[in-house]
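So this one's my_file-v3.csv, CSV, C-alpha atoms:
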```
chain,number,residue,atom,x,y,z
A,1246,MET,CA,-0.2,-12.1,-18.2
A,1247,ILE,CA,-2.0,-8.9,-19.4
A,1248,THR,CA,0.5,-6.7,-17.7
A,1249,GLU,CA,3.6,-8.5,-19.0
A,1250,GLY,CA,2.2,-8.7,-22.5
A,1251,TYR,CA,1.4,-5.1,-22.7
A,1252,ILE,CA,4.7,-4.0,-21.2
A,1253,ARG,CA,6.5,-5.9,-23.9
A,1254,THR,CA,4.4,-4.1,-26.5
A,1255,THR,CA,5.0,-0.6,-25.2
A,1256,ARG,CA,8.7,-1.2,-24.8
A,1257,ALA,CA,8.7,-2.4,-28.4
A,1258,ILE,CA,6.9,0.8,-29.4
A,1259,THR,CA,9.4,3.1,-27.7
A,1260,SER,CA,12.4,1.2,-29.0
A,1261,GLY,CA,11.1,1.4,-32.6
A,1262,ILE,CA,9.9,5.0,-32.8
A,1263,SER,CA,10.6,7.0,-35.8
A,1264,LYS,CA,13.6,5.0,-37.0
A,1265,ARG,CA,13.8,7.5,-39.8
A,1266,SER,CA,15.2,10.2,-37.5
A,1267,ALA,CA,15.0,9.2,-33.8
A,1268,LYS,CA,17.5,10.8,-31.5
A,1269,VAL,CA,18.8,9.5,-28.2
A,1270,VAL,CA,18.6,11.9,-25.3
A,1271,ARG,CA,21.4,11.4,-22.8
A,1272,ILE,CA,20.8,12.4,-19.2
A,1273,GLU,CA,23.9,13.5,-17.4
A,1274,ASN,CA,24.7,15.4,-14.2
A,1275,GLY,CA,25.2,19.1,-14.7
A,1276,GLU,CA,23.7,22.4,-13.9
A,1277,ALA,CA,20.1,22.6,-12.7
A,1278,GLU,CA,19.1,25.3,-15.1
A,1279,GLY,CA,19.6,23.1,-18.1
A,1280,CYS,CA,16.8,20.8,-17.1
A,1281,ILE,CA,14.4,22.8,-15.0
A,1282,GLU,CA,14.1,26.0,-16.8
A,1283,ASP,CA,15.4,25.2,-20.3
A,1284,ARG,CA,12.4,25.7,-22.6
A,1285,SER,CA,14.6,27.1,-25.4
A,1286,VAL,CA,12.8,26.6,-28.7
A,1287,SER,CA,13.9,28.5,-31.7
A,1288,PRO,CA,10.9,30.7,-32.8
A,1289,ASP,CA,11.9,30.0,-36.4
A,1290,SER,CA,12.4,26.3,-36.2
A,1291,ALA,CA,9.9,23.7,-37.5
A,1292,CYS,CA,10.5,21.6,-34.4
A,1293,PHE,CA,12.2,21.8,-31.1
A,1294,THR,CA,16.0,22.5,-31.0
A,1295,PRO,CA,17.6,19.0,-31.1
A,1296,THR,CA,18.7,18.0,-27.7
A,1297,SER,CA,21.8,15.7,-27.5
A,1298,CYS,CA,22.4,16.2,-23.8
A,1299,VAL,CA,19.9,17.3,-21.2
A,1300,PRO,CA,21.9,18.2,-18.1
A,1301,LEU,CA,20.4,17.3,-14.7
A,1302,GLN,CA,21.4,18.4,-11.3
A,1303,SER,CA,22.6,15.4,-9.3
A,1304,ASP,CA,20.0,15.9,-6.5
A,1305,ILE,CA,17.2,15.6,-9.0
A,1306,MET,CA,18.4,12.0,-9.6
A,1307,ASN,CA,18.9,11.4,-5.9
A,1308,TYR,CA,15.5,9.8,-5.4
A,1309,ILE,CA,13.7,9.5,-2.1
A,1310,TYR,CA,13.3,5.9,-0.8
A,1311,GLU,CA,10.5,5.4,1.7
A,1312,ASN,CA,8.6,2.3,2.9
A,1313,GLY,CA,10.0,0.2,0.1
A,1314,ARG,CA,9.0,2.6,-2.7
A,1315,ARG,CA,11.0,5.2,-4.7
A,1316,TYR,CA,9.8,8.8,-5.0
A,1317,HIS,CA,10.8,11.9,-7.0
A,1318,ALA,CA,13.6,14.2,-5.7
A,1319,PHE,CA,12.7,17.4,-7.5
A,1320,LYS,CA,10.3,19.3,-5.1
A,1321,ALA,CA,10.4,16.2,-2.9
A,1322,GLY,CA,7.1,15.4,-1.3
A,1323,ARG,CA,4.9,17.4,-3.7
A,1324,TYR,CA,3.7,14.3,-5.5
A,1325,MET,CA,2.4,11.5,-3.3
A,1326,PHE,CA,2.9,8.6,-5.7
A,1327,PRO,CA,6.1,6.6,-6.5
A,1328,ASN,CA,8.3,6.6,-9.6
A,1329,ASP,CA,9.9,3.2,-9.3
A,1330,GLN,CA,9.9,0.5,-11.9
A,1331,ALA,CA,6.8,-1.2,-10.5
A,1332,GLU,CA,4.9,2.1,-10.9
A,1333,LEU,CA,6.3,2.7,-14.4
A,1334,ASP,CA,5.1,-0.7,-15.5
A,1335,ARG,CA,1.7,0.0,-14.1
A,1336,LEU,CA,1.5,3.4,-15.9
A,1337,ASP,CA,2.3,1.6,-19.2
A,1338,LEU,CA,-0.6,-0.8,-18.5
A,1339,GLN,CA,-2.9,2.1,-17.6
A,1340,HIS,CA,-2.0,3.8,-20.9
A,1341,TYR,CA,-3.3,0.7,-22.7
A,1342,LEU,CA,-6.4,0.8,-20.5
A,1343,PHE,CA,-7.2,4.3,-21.7
A,1344,LEU,CA,-6.8,3.3,-25.3
A,1345,GLU,CA,-9.2,0.4,-24.8
A,1346,THR,CA,-11.6,2.7,-23.1
A,1347,PHE,CA,-11.6,5.3,-25.9
A,1348,ASN,CA,-11.6,2.7,-28.7
A,1349,GLY,CA,-8.0,3.4,-29.7
A,1350,LYS,CA,-8.2,7.1,-29.5
A,1351,SER,CA,-5.6,9.1,-27.7
A,1352,TYR,CA,-8.0,12.1,-26.9
A,1353,LEU,CA,-11.6,13.1,-27.4
A,1354,SER,CA,-11.2,16.8,-28.3
A,1355,PRO,CA,-12.4,17.7,-31.9
A,1356,LEU,CA,-8.9,18.6,-33.2
A,1357,HIS,CA,-8.0,19.4,-36.8
A,1358,TRP,CA,-4.3,18.5,-37.1
A,1359,GLU,CA,-3.7,19.5,-40.7
A,1360,ASN,CA,-4.2,23.2,-40.2
A,1361,ASN,CA,-4.5,24.1,-36.5
A,1362,ILE,CA,-2.3,22.0,-34.3
A,1363,HIS,CA,1.4,22.9,-34.2
A,1364,ARG,CA,2.4,22.6,-30.6
A,1365,VAL,CA,1.2,20.2,-27.9
A,1366,LEU,CA,1.8,20.0,-24.1
A,1367,ASP,CA,1.4,16.8,-22.1
A,1368,VAL,CA,1.1,17.7,-18.4
A,1369,GLY,CA,2.3,15.0,-16.0
A,1370,THR,CA,3.7,12.9,-18.9
A,1371,GLY,CA,4.9,10.1,-16.6
A,1372,THR,CA,6.6,7.4,-18.8
A,1373,GLY,CA,5.9,9.6,-21.8
A,1374,LEU,CA,3.9,7.1,-23.9
A,1375,TRP,CA,1.1,9.4,-24.8
A,1376,ALA,CA,3.5,12.2,-25.8
A,1377,ILE,CA,5.6,9.7,-27.8
A,1378,GLU,CA,2.6,8.4,-29.7
A,1379,ILE,CA,1.4,11.9,-30.5
A,1380,ALA,CA,4.8,13.1,-31.7
A,1381,ASP,CA,5.4,10.0,-33.8
A,1382,ALA,CA,1.9,10.3,-35.4
A,1383,HIS,CA,2.3,14.0,-36.2
A,1384,HIS,CA,5.9,14.6,-37.4
A,1385,ASP,CA,5.5,18.3,-37.9
A,1386,VAL,CA,4.0,19.0,-34.5
A,1387,GLU,CA,6.2,20.1,-31.6
A,1388,VAL,CA,5.4,18.1,-28.4
A,1389,VAL,CA,6.5,18.9,-24.9
A,1390,GLY,CA,6.1,16.4,-22.0
A,1391,VAL,CA,6.4,17.8,-18.5
A,1392,ASP,CA,6.9,15.8,-15.3
A,1393,LEU,CA,8.6,16.0,-11.9
A,1394,SER,CA,10.7,12.9,-12.6
A,1395,PRO,CA,13.2,12.1,-15.4
A,1396,ILE,CA,11.7,8.6,-15.9
A,1397,GLN,CA,10.9,8.7,-19.7
A,1398,THR,CA,12.5,6.6,-22.3
A,1399,THR,CA,15.7,8.0,-23.8
A,1400,LEU,CA,14.7,7.2,-27.4
A,1401,VAL,CA,12.2,9.8,-28.7
A,1402,PRO,CA,11.0,11.4,-31.9
A,1403,PRO,CA,13.0,14.5,-32.8
A,1404,ASN,CA,9.9,16.7,-32.4
A,1405,LEU,CA,9.4,15.7,-28.7
A,1406,GLN,CA,11.1,17.2,-25.7
A,1407,PHE,CA,10.7,16.1,-22.0
A,1408,ILE,CA,11.1,18.8,-19.3
A,1409,ILE,CA,11.5,18.4,-15.6
A,1410,ASP,CA,9.2,21.0,-14.0
A,1411,ASP,CA,6.2,21.5,-11.7
A,1412,LEU,CA,3.1,22.9,-13.3
A,1413,ASP,CA,1.1,23.0,-10.1
A,1414,SER,CA,0.6,26.5,-9.0
A,1415,THR,CA,0.0,26.8,-5.2
A,1416,GLY,CA,0.9,30.4,-4.6
A,1417,GLU,CA,-1.2,33.5,-4.6
A,1418,GLU,CA,-3.0,34.6,-7.7
A,1419,GLY,CA,-0.4,35.5,-10.4
A,1420,SER,CA,2.6,34.3,-8.4
A,1421,GLU,CA,3.3,31.1,-10.3
A,1422,ASN,CA,2.6,31.5,-14.0
A,1423,TRP,CA,3.9,29.1,-16.5
A,1424,ASN,CA,6.8,30.4,-18.5
A,1425,PHE,CA,6.8,28.8,-21.9
A,1426,HIS,CA,8.3,30.7,-24.9
A,1427,HIS,CA,5.4,29.6,-27.1
A,1428,LYS,CA,1.7,29.0,-26.7
A,1429,PHE,CA,0.2,25.6,-27.4
A,1430,ASP,CA,-2.7,24.5,-29.6
A,1431,PHE,CA,-3.5,21.5,-27.5
A,1432,ILE,CA,-2.9,20.8,-23.8
A,1433,TYR,CA,-3.5,17.3,-22.4
A,1434,CYS,CA,-3.6,16.4,-18.8
A,1435,ARG,CA,-4.3,12.9,-17.6
A,1436,MET,CA,-4.6,11.3,-14.1
A,1437,MET,CA,-3.4,14.3,-12.1
A,1438,SER,CA,-6.1,14.0,-9.5
A,1439,GLY,CA,-4.4,13.6,-6.2
A,1440,SER,CA,-1.4,15.6,-7.5
A,1441,PHE,CA,-2.4,19.2,-8.1
A,1442,GLN,CA,-3.4,21.5,-5.2
A,1443,ASN,CA,-4.7,24.4,-7.2
A,1444,TRP,CA,-6.9,23.3,-10.0
A,1445,PRO,CA,-8.5,26.8,-10.7
A,1446,ARG,CA,-5.0,28.2,-11.2
A,1447,PHE,CA,-4.1,25.3,-13.4
A,1448,PHE,CA,-7.0,26.0,-15.7
A,1449,SER,CA,-6.2,29.7,-15.7
A,1450,ASN,CA,-2.5,28.9,-16.7
A,1451,ALA,CA,-3.7,26.5,-19.3
A,1452,PHE,CA,-6.0,29.1,-20.8
A,1453,ASP,CA,-3.3,31.7,-20.9
A,1454,ASN,CA,-0.9,29.3,-22.6
A,1455,LEU,CA,-3.3,28.2,-25.3
A,1456,THR,CA,-3.6,29.9,-28.7
A,1457,PRO,CA,-7.1,31.2,-29.6
A,1458,GLY,CA,-9.2,28.2,-30.6
A,1459,GLY,CA,-6.8,25.8,-28.8
A,1460,TYR,CA,-8.1,23.0,-26.7
A,1461,LEU,CA,-7.5,21.7,-23.2
A,1462,GLU,CA,-8.5,18.1,-22.3
A,1463,VAL,CA,-8.3,16.7,-18.7
A,1464,VAL,CA,-8.9,13.0,-18.0
A,1465,ASP,CA,-9.2,11.7,-14.4
A,1466,ILE,CA,-10.8,9.2,-12.1
A,1467,CYS,CA,-12.9,10.4,-9.2
A,1468,LEU,CA,-13.3,8.9,-5.8
A,1469,PRO,CA,-15.2,7.4,-4.0
A,1470,VAL,CA,-15.2,4.0,-5.7
A,1471,CYS,CA,-18.8,3.1,-6.7
A,1472,GLU,CA,-20.9,0.0,-6.6
A,1473,ASN,CA,-23.2,-0.8,-9.6
A,1474,ASP,CA,-26.0,-2.2,-7.4
A,1475,GLY,CA,-26.1,0.6,-4.8
A,1476,PRO,CA,-23.8,2.0,-2.2
A,1477,LEU,CA,-20.7,-0.1,-1.2
A,1478,PRO,CA,-21.3,-1.8,2.2
A,1479,GLU,CA,-19.7,0.3,5.0
A,1480,ASP,CA,-17.9,-2.8,6.3
A,1481,SER,CA,-16.3,-3.3,2.8
A,1482,ALA,CA,-12.6,-3.0,2.8
A,1483,LEU,CA,-12.8,-1.2,-0.5
A,1484,PHE,CA,-15.3,1.3,0.9
A,1485,LYS,CA,-13.0,2.0,3.8
A,1486,TRP,CA,-10.0,2.4,1.5
A,1487,SER,CA,-11.9,4.8,-0.7
A,1488,ARG,CA,-12.9,6.9,2.4
A,1489,PHE,CA,-9.4,6.9,3.8
A,1490,MET,CA,-8.0,8.0,0.5
A,1491,LEU,CA,-10.4,10.9,0.2
A,1492,ASP,CA,-9.7,11.9,3.8
A,1493,ALA,CA,-5.9,11.8,3.4
A,1494,SER,CA,-5.9,13.5,0.0
A,1495,ASN,CA,-8.2,16.3,1.3
A,1496,LYS,CA,-5.9,16.8,4.3
A,1497,ALA,CA,-2.9,16.9,2.0
A,1498,GLY,CA,-4.6,19.5,-0.2
A,1499,VAL,CA,-4.7,17.2,-3.3
A,1500,SER,CA,-8.3,16.0,-3.3
A,1501,MET,CA,-9.0,12.8,-5.3
A,1502,ASN,CA,-12.5,13.8,-6.2
A,1503,SER,CA,-11.4,17.0,-8.0
A,1504,ALA,CA,-12.6,15.7,-11.4
A,1505,ALA,CA,-16.2,16.3,-10.5
A,1506,SER,CA,-15.5,20.1,-10.5
A,1507,TYR,CA,-13.4,20.3,-13.7
A,1508,LYS,CA,-16.2,21.4,-16.1
A,1509,LEU,CA,-17.4,24.3,-13.9
A,1510,GLN,CA,-13.8,25.4,-13.2
A,1511,MET,CA,-12.9,25.3,-16.9
A,1512,GLU,CA,-15.9,27.4,-17.7
A,1513,SER,CA,-15.0,29.8,-14.9
A,1514,ALA,CA,-11.5,30.1,-16.4
A,1515,GLY,CA,-13.0,31.3,-19.7
A,1516,PHE,CA,-13.2,28.2,-21.7
A,1517,CYS,CA,-16.1,27.7,-24.1
A,1518,ASN,CA,-17.6,24.6,-25.8
A,1519,VAL,CA,-16.8,22.7,-22.6
A,1520,VAL,CA,-17.9,19.0,-22.9
A,1521,GLU,CA,-17.9,16.5,-20.0
A,1522,THR,CA,-18.1,12.8,-20.8
A,1523,ARG,CA,-18.2,10.1,-18.1
A,1524,PHE,CA,-17.0,6.5,-18.4
A,1525,LYS,CA,-17.0,3.5,-16.1
A,1526,TRP,CA,-14.0,1.4,-15.2
A,1527,PRO,CA,-15.4,-1.8,-13.7
A,1528,HIS,CA,-13.3,-3.8,-11.3
A,1529,GLY,CA,-13.4,-7.4,-12.6
A,1530,THR,CA,-15.4,-9.2,-15.2
A,1531,TRP,CA,-18.9,-8.7,-13.7
A,1532,ALA,CA,-20.0,-6.1,-16.3
A,1533,HIS,CA,-21.9,-7.2,-19.4
A,1534,GLY,CA,-20.4,-7.2,-22.9
A,1535,ALA,CA,-16.9,-8.2,-24.1
A,1536,LYS,CA,-15.5,-4.7,-24.0
A,1537,HIS,CA,-16.5,-4.0,-20.5
A,1538,LYS,CA,-15.2,-7.4,-19.3
A,1539,SER,CA,-11.9,-6.6,-21.0
A,1540,LEU,CA,-11.9,-3.2,-19.4
A,1541,GLY,CA,-12.7,-4.8,-16.0
A,1542,MET,CA,-9.8,-7.2,-16.3
A,1543,LEU,CA,-7.4,-4.4,-17.1
A,1544,SER,CA,-8.8,-2.1,-14.5
A,1545,ARG,CA,-8.6,-4.7,-11.8
A,1546,ARG,CA,-5.0,-5.5,-12.8
A,1547,ASN,CA,-4.2,-1.8,-12.7
A,1548,MET,CA,-5.7,-1.4,-9.3
A,1549,LEU,CA,-4.0,-4.5,-7.8
A,1550,ASP,CA,-0.6,-3.4,-9.2
A,1551,GLY,CA,-1.1,0.2,-8.1
A,1552,ILE,CA,-3.0,0.2,-4.8
A,1553,GLU,CA,0.2,0.1,-2.7
A,1554,GLY,CA,1.8,3.0,-4.6
A,1555,LEU,CA,-1.4,5.0,-4.5
A,1556,SER,CA,-1.9,4.4,-0.7
A,1557,MET,CA,1.5,4.2,1.0
A,1558,ALA,CA,2.6,7.9,1.1
A,1559,LEU,CA,-0.9,9.2,1.9
A,1560,PHE,CA,-1.6,6.7,4.6
A,1561,THR,CA,1.9,6.9,6.3
A,1562,ARG,CA,2.6,10.7,5.8
A,1563,VAL,CA,-0.9,12.1,6.3
A,1564,LEU,CA,-2.8,9.5,8.3
A,1565,ALA,CA,0.2,8.4,10.3
A,1566,TRP,CA,-0.2,4.7,9.7
A,1567,SER,CA,2.8,2.3,9.9
A,1568,LYS,CA,3.9,0.4,6.8
A,1569,GLU,CA,2.8,-2.8,8.5
A,1570,GLU,CA,-0.7,-1.4,9.1
A,1571,VAL,CA,-1.0,-0.4,5.5
A,1572,ASP,CA,0.2,-3.8,4.2
A,1573,VAL,CA,-2.3,-5.7,6.3
A,1574,PHE,CA,-5.2,-3.4,5.4
A,1575,LEU,CA,-4.4,-3.5,1.7
A,1576,ALA,CA,-4.3,-7.3,1.7
A,1577,PHE,CA,-8.0,-7.2,2.6
A,1578,VAL,CA,-8.7,-4.7,-0.1
A,1579,LYS,CA,-6.9,-6.8,-2.7
A,1580,MET,CA,-8.9,-9.9,-1.7
A,1581,GLU,CA,-12.1,-8.0,-2.1
A,1582,LEU,CA,-11.1,-6.6,-5.5
A,1583,GLN,CA,-10.7,-10.1,-6.8
A,1584,ARG,CA,-14.3,-11.1,-6.0
A,1585,ASP,CA,-16.6,-10.6,-9.0
A,1586,SER,CA,-19.5,-10.6,-6.6
A,1587,LEU,CA,-18.6,-7.1,-5.7
A,1588,HIS,CA,-19.7,-4.9,-8.7
A,1589,ALA,CA,-17.3,-2.0,-8.1
A,1590,TYR,CA,-16.2,0.6,-10.6
A,1591,TRP,CA,-14.4,3.9,-11.0
A,1592,ASP,CA,-16.0,7.0,-12.4
A,1593,LEU,CA,-13.8,8.3,-15.2
A,1594,TYR,CA,-14.2,11.9,-16.3
A,1595,VAL,CA,-13.1,13.4,-19.7
A,1596,VAL,CA,-13.5,17.2,-19.9
A,1597,TYR,CA,-12.4,19.3,-22.8
A,1598,GLY,CA,-12.9,22.9,-23.7
A,1599,GLN,CA,-11.7,25.5,-26.1
A,1600,ARG,CA,-10.1,28.9,-25.7
A,1601,PRO,CA,-12.4,31.3,-27.6
A,1602,GLU,CA,-11.1,32.3,-31.1
```
As structure tokens, what does this structure read like?
Amino acid sequence: MITEGYIRTTRAITSGISKRSAKVVRIENGEAEGCIEDRSVSPDSACFTPTSCVPLQSDIMNYIYENGRRYHAFKAGRYMFPNDQAELDRLDLQHYLFLETFNGKSYLSPLHWENNIHRVLDVGTGTGLWAIEIADAHHDVEVVGVDLSPIQTTLVPPNLQFIIDDLDSTGEEGSENWNFHHKFDFIYCRMMSGSFQNWPRFFSNAFDNLTPGGYLEVVDICLPVCENDGPLPEDSALFKWSRFMLDASNKAGVSMNSAASYKLQMESAGFCNVVETRFKWPHGTWAHGAKHKSLGMLSRRNMLDGIEGLSMALFTRVLAWSKEEVDVFLAFVKMELQRDSLHAYWDLYVVYGQRPE
């Protein structure tokens, strides 16, 4: 009920955005350069060059199907999580979970939109809801959403552009710099733990692509899953799942406990005024207070809907499990997640910092 209700809400948001001047972006087969490398923004324009057709190479749309899930084709295998409709619906739900967590706020950085924010970058934009809401709330701000998959809605504000690209830099120092024509005043990155291999290089690239005084904000969960009353029992299915996920993600080079190091890595990259805030996402309605019970219901639904997508590629590609073994194991994890006697929660990190003036 929660998921379906929220999906209807978000679909209504994206279908009603900026009726004053919304533009439909058509995605067609064409030359690869038009999609992957086209960051052509007129230096003199007040917003991005209007895009009536974003050409995509056909193999970018030739998605990978594996163990009943669909995965991205551009740089296939780089991102371990699916991009099918079930996952898109979950990402929409998760967007609402973030809004509930932050009391309706889209970010925590102390931004001053009137004078200082002209260009915004959304890293790993997913379905694009965060970027769409920012672009629609701030009509004079140029917004770019970047993702490996062209899965975003086709109806967007005129000041928003989606780009298919990979912002994870895994090469030697200096070998894979970002190549935007303009610097940004705000860079936002959410739920990319388990995706990036080189976080120090990401923070360095973000620093280099911010204007003086600009902000970077990174939001992420951090494994292992915690228990409010002490350590999770070692015979717990959720405990085992958490350990398997950490083991697999570490072996794949995309550790899912990376968030614990963000503050130090941002400071090492040169950011100042770095602030780390931690939240709890309870699983279920065991937590006290109406807000935490609501968060717990959403968090549990998010986990139940997403645990197969989070697990399947890591377990089968890295740990060499069969799909059948994963299915049986996750059935026990799901049963455990629905027991309020287990007081489990995620640690959620929000870390923001400023490039010195």
Find the residues of stretch 1349-1451 of chain A that sit at most 8 Å from stretch 1504-1524 of chain A; for each, write down the nearest two atoms and how far apart they are in Å, to one decimal. Count only C-alpha atoms. Sort by chain, then by number going up, and give it as CSV.
```
residue,atom,partner,partner_atom,distance
A:Ser1438,CA,A:Ala1504,CA,7.0
A:Trp1444,CA,A:Gln1510,CA,7.9
A:Pro1445,CA,A:Gln1510,CA,6.0
A:Phe1448,CA,A:Met1511,CA,6.1
A:Ser1449,CA,A:Ala1514,CA,5.4
```
Between atom CA of A:Cys1434 and atom CA of A:Met1548, measure the distance and give it in Å to one decimal.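 So the answer is 20.3 Å.
The two atoms in question, atom CA of A:Arg1364 and atom CA of A:Val1388, are spaced 5.8 Å apart.
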Show which residues sit within 12 Å of A:Ser1539, as a PyMOL selection string. Count all atoms listed in the file, and ignore same-chain residues fewer than 2 positions away. chain A and resi 1247+1341-1346+1526-1537+1541-1546
So, with all atoms listed in the file as the atoms that count, which of A:Gly1458, A:Gly1349, A:Pro1395, A:Gly1373 lies closest to A:Phe1319?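 With all atoms listed in the file as the atom set, the closest residue is A:Pro1395.
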Could the residues of stretch 1310-1407 of chain A that have an atom at most 9 Å from stretch 1578-1600 of chain A be listed as a Markdown table, each with its closest atom pair and the distance in Å to one decimal, counting all atoms listed in the file and ordered by chain and ascending residue number?
```
| residue | atom | partner | partner_atom | distance |
| --- | --- | --- | --- | --- |
| A:Tyr1352 | CA | A:Val1595 | CA | 8.9 |
| A:Leu1353 | CA | A:Tyr1597 | CA | 7.8 |
| A:Ser1354 | CA | A:Tyr1597 | CA | 6.2 |
```
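Take the candidates A:Pro1402, A:Gly1390, A:Pro1457, A:Pro1327 and check each one against A:Val1368 using all atoms listed in the file; the shortest distance goes to A:Gly1390.
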Excluding A:Leu1393 and any residue of its chain fewer than 2 positions from it, enumerate the residues within 9 Å of it, using all atoms listed in the file, and give them as JSON, numbers by chain. {"A": [1317, 1318, 1319, 1320, 1324, 1369, 1371, 1391, 1395, 1396, 1408, 1409, 1410, 1411, 1412]}
Write out as a PDB file with C-alpha atoms, in the frame of the given file the residues lying within 12 Å of A:Asp1550, counting only C-alpha atoms and excluding same-chain residues fewer than 3 positions away.
```
ATOM      1  CA  ILE A1247      -2.000  -8.900 -19.400  1.00  0.00           C
ATOM      2  CA  THR A1248       0.500  -6.700 -17.700  1.00  0.00           C
ATOM      3  CA  GLU A1249       3.600  -8.500 -19.000  1.00  0.00           C
ATOM      4  CA  GLN A1330       9.900   0.500 -11.900  1.00  0.00           C
ATOM      5  CA  ALA A1331       6.800  -1.200 -10.500  1.00  0.00           C
ATOM      6  CA  GLU A1332       4.900   2.100 -10.900  1.00  0.00           C
ATOM      7  CA  LEU A1333       6.300   2.700 -14.400  1.00  0.00           C
ATOM      8  CA  ASP A1334       5.100  -0.700 -15.500  1.00  0.00           C
ATOM      9  CA  ARG A1335       1.700   0.000 -14.100  1.00  0.00           C
ATOM     10  CA  LEU A1336       1.500   3.400 -15.900  1.00  0.00           C
ATOM     11  CA  ASP A1337       2.300   1.600 -19.200  1.00  0.00           C
ATOM     12  CA  LEU A1338      -0.600  -0.800 -18.500  1.00  0.00           C
ATOM     13  CA  GLN A1339      -2.900   2.100 -17.600  1.00  0.00           C
ATOM     14  CA  LEU A1543      -7.400  -4.400 -17.100  1.00  0.00           C
ATOM     15  CA  SER A1544      -8.800  -2.100 -14.500  1.00  0.00           C
ATOM     16  CA  ARG A1545      -8.600  -4.700 -11.800  1.00  0.00           C
ATOM     17  CA  ARG A1546      -5.000  -5.500 -12.800  1.00  0.00           C
ATOM     18  CA  ASN A1547      -4.200  -1.800 -12.700  1.00  0.00           C
ATOM     19  CA  GLU A1553       0.200   0.100  -2.700  1.00  0.00           C
ATOM     20  CA  GLY A1554       1.800   3.000  -4.600  1.00  0.00           C
ATOM     21  CA  LEU A1555      -1.400   5.000  -4.500  1.00  0.00           C
ATOM     22  CA  SER A1556      -1.900   4.400  -0.700  1.00  0.00           C
ATOM     23  CA  LEU A1575      -4.400  -3.500   1.700  1.00  0.00           C
ATOM     24  CA  LYS A1579      -6.900  -6.800  -2.700  1.00  0.00           C
ATOM     25  CA  LEU A1582     -11.100  -6.600  -5.500  1.00  0.00           C
TER      26      LEU A1582
END
```
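When atom CA of A:Asn1502 is paired with atom CA of A:Leu1468, their separation reads 5.0 Å.
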Spatial neighbours of A:Ala1380, max dist 10 Å, all atoms listed in the file, sep filter under 6 positions, as a PyMOL selection string: chain A and resi 1262-1263+1364-1365+1374+1386-1389+1401-1406
Find, counting only C-alpha atoms, the residue in A:Pro1469, A:Tyr1308, A:Glu1462, A:Phe1577 that gets nearest to A:Gly1322.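 Of A:Pro1469, A:Tyr1308, A:Glu1462, A:Phe1577, the one nearest A:Gly1322 is A:Tyr1308, counting only C-alpha atoms.
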Taking all atoms of stretch 1352-1364 of chain A that the file lists and extending 3 Å past them on each side, where is the centre of the axis-aligned box and how long are its edges? Answer in Å to one decimal, as AutoDock Vina command-line options.
```
--center_x -5.0 --center_y 18.1 --center_z -33.8 --size_x 20.8 --size_y 18.0 --size_z 19.8
```
What residues have an atom no more than 10 Å from (0.2, 9.7, 0.9) in the file's own frame, counting only C-alpha atoms, and can you write them as a PyMOL selection string? chain A and resi 1322+1324-1327+1439+1490+1493-1494+1496-1497+1499+1554-1565
